[in-house]
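See structure below.
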2 protein chains.
Amino acid sequence: MPAERLTAVYHVTESAQRIEARARAIAVEQSVEMPVAAITDPGVLENIVGRVEAIRELDASRFEVRIGLGVATTGLEAGQLLNMLFGNTSMHPDVVLADAEFPDSVLTAFGGPNHGLDGLRALVGANRRALTCSALKPQGLPPDGLAKIAAGMARGGLDFIKDDHGIADQHYSPFAERVPRVAEAVAATGARTIYLPSLSGHLEQMRAQVKIARAAGLKGALIAPMIAGVATFHALKRENPDFAFMGHPAMAGSGQIAPPFLFGKLFRLFGADASVFANHGGRFGYTPATCKALANTALADALRRAGLDGGSEAERRPR
Amino acid sequence: MPAERLTAVYHVTESAQRIEARARAIAVEQSVEMPVAAITDPGVLENIVGRVEAIRELDASRFEVRIGLGVATTGLEAGQLLNMLFGNTSMHPDVVLADAEFPDSVLTAFGGPNHGLDGLRALVGANRRALTCSALKPQGLPPDGLAKIAAGMARGGLDFIKDDHGIADQHYSPFAERVPRVAEAVAATGARTIYLPSLSGHLEQMRAQVKIARAAGLKGALIAPMIAGVATFHALKRENPDFAFMGHPAMAGSGQIAPPFLFGKLFRLFGADASVFANHGGRFGYTPATCKALANTALADALRRAGLDGGSEAERRPR
């Protein structure tokens with residue numbers, strides 16, 4: 001039986017004459033990373049070496065390249081999955097990781113978000129209306145200053161308040177003091193507003209922060225997976241199956257991993273109930289098309305349930 | 001007393017007319033991330049809001065922008081330091097994080113590599129000659145296959161053998177079986193070769209892997225900080241002051257963080273005794289100038305000791 005593969009989809013700037021060789025080079029770079037002629041083991045040649053599945057012209061100088069990578073090479077571990085998808089190839093400025101298609105084994109192994117959109121709606125008692133969220137700012141304020149602003153936001157009726165992603169565990173507003181204080185101020189308003197404090201540091205530090213958040217009655221947190229490491233993020237999601245996680249795009253780069261894939265699919269696969277992304281017309285130059293594609297990817301489950309989408313593999317994720 | 005600041009250095013593609021406003025926007029983005037006019041707290045305005053220190057024209061459409069960021073905002077934590085340096089601004093395709101200059105408080109807090117170049121030389125009994133290293137490949141081979149190749153490399157006289165960064169904890173070659181087997185095969189040759197297995201997963205998983213490596217008599221490991229998360233990397237370095245860490249560039253992107261800064265300074269600040277980087281003429285298009293700048297930055301300590309360098313702040317790092 002042939003080894004199971006996932007498909008990584010790259011957009012490569014290359015000439016028509018060279019694209020086939022280039023695609024093979026990427027398949028090798030993202031798998032065995034050595035001259036294939038020097039590999040003698042038949043199992044490695046058959047199951048581990050990346051395989052060019054298709055090449056399609058996008059425009060005069062850009063091609064879509066689909067490469068099959070052995071699922072076994074990922075060890076079904078989040079960091080290694082990212083490594084296999086784009087580790088070394090991220091160093092090539094002319095290659096974009098546009099998408100990846102995962103077999104059920106991968107979707108099942110990572111499991112997606114704990115709550116998803118319906119779960120988030122249930123948390124704040126919203127039905128089909130738009131959900132609202134704002135960031136709690138600025139970093140530098142002491143706990144009481146942030147608590148006062150958060151209380152005002154809760155009284156204003158926001159569903160979610162997230163820490164600004166720059167708010168971490170600084171001496172002027174330590175997590176252990178700040179988060180209970182903000183949580184208490186929000187709760188005191190009587191609103192159903194959910195406050196999501198920002199996690200920082202490594203797994204052990206984030207675990208301690210989740211414990212503090214839970215003790216303060218909170219139901220979720222904000223995390224920047226590209227800073228924390230996707231393995232850290234995924235472990236936290238696993239360990240806290242009742243907790244909601246909002247993914248933040250800090251350190252995600254300027255499109256070398258296509259935002260619809262990264263924020264709309266990969267972060268969600270690893271456990272993001274919601275993904276923060278830049279709006280068109282704001283500071284980050286996202287086009288309406290990018291925002292629309294991102295939202296559609298992230299909403300794939302919801303769209304399918306509403307009969308609005310034909311069904312990508314992200315939707316077969318177990319709920 | 002004014003708050004202590006570090007300086008982040010960006011290369012920004014922008015017009016001469018707009019660069020001042022753009023620099024101010026980056027200073028705000030990388031600190032309070034909100035309209036400064038809406039901030040009422042004098043401490044935040046004085047100590048937390050980023051400050052444009054200098055703007056210098058690089059060429060007709062590119063400027064060097066130096067921005068002072070409050071050291072307190074980093075919490076002296078690796079992930080948050082990276083977040084402050086480039087978190088949201090990484091989403092701007094026209095900004096490169098070119099460098100950062102750190103005050104002694106930051107250098108002391110992170111402490112740099114455990115061994116450094118002299119320590120690595122001592123580990124393999126080399127004096128002033130060039131050190132040698134190769135990657136152990138291909139992934140997909142079972143432990144015995146890799147052990148056989150590693151033994152050959154050790155007999156050939158290599159100083160260091162590092163796992164290919166695609167070798168993780170896969171079922172066909174689990175870390176717990178593979179690493180002791182390779183270590184044993186290398187030791188059996190009688191060579192002084194140091195084998196550096198590749199760490200993967202989150203902090204807890206990596207701790208277990210370091211434990212296995214230590215039990216097998218190994219003295220160091222390979223880690224990809226941009227996949228693991230820099231906080232995870234730094235924690236491991238702290239917890240293992242006798243262990244050597246080689247940094248791998250996987251997921252480091254194609255230059256949006258300048259390679260000399262990322263691999264030569266930041267990885268070393270967090271604890272890389274050695275940094276893997278792409279050679280000119282190889283598969284990654286690094287120019288000789290980039291490679292030279294990277295090597296010079298990484299060697300700043302050694303160059304200073306040899307009287308070959310004027311002294312950047314990276315060299316004041318405690319040894």
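Following the order of the structure tokens, first chain is A, next is B, and so on, with residues numbered from 1 inside each chain and ligands from 1 in the order they appear.
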Polymer residues at most 9 Å from stretch 247-250 of chain A, only C-alpha atoms, same-chain spacing of 4 or more positions, as an MDAnalysis selection string: (chainID A and resid 165 221:227 262:263 267:268 271:278) or (chainID B and resid 83 86:91)
Spatial neighbours of B:Leu69, 10 Å, only C-alpha atoms, chain gap at least 6 places, as an MDAnalysis selection string: chainID B and resid 3:8 27:28 30:31 47:53 84:85
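The residue set within 10 Å of A:Val210, counting only C-alpha atoms and dropping same-chain residues fewer than 5 places from it, reads Pro197, Ser198, Leu199, Glu204, Gln205, Ala215, Ala216, Leu218, Lys219, Gly220, Ala221, Leu236, Asn240 and Phe243 of chain A.
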Residues of chain B within 6 Å of chain A, only C-alpha atoms counted, as a PyMOL selection string: chain B and resi 32+44+48+75+79+87-88+90-93+138-140+170+201-202+227-229+231-232+250-251+253-254
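Atom CA of A:Asp301 sits 15.0 Å away from atom CA of A:Phe102.
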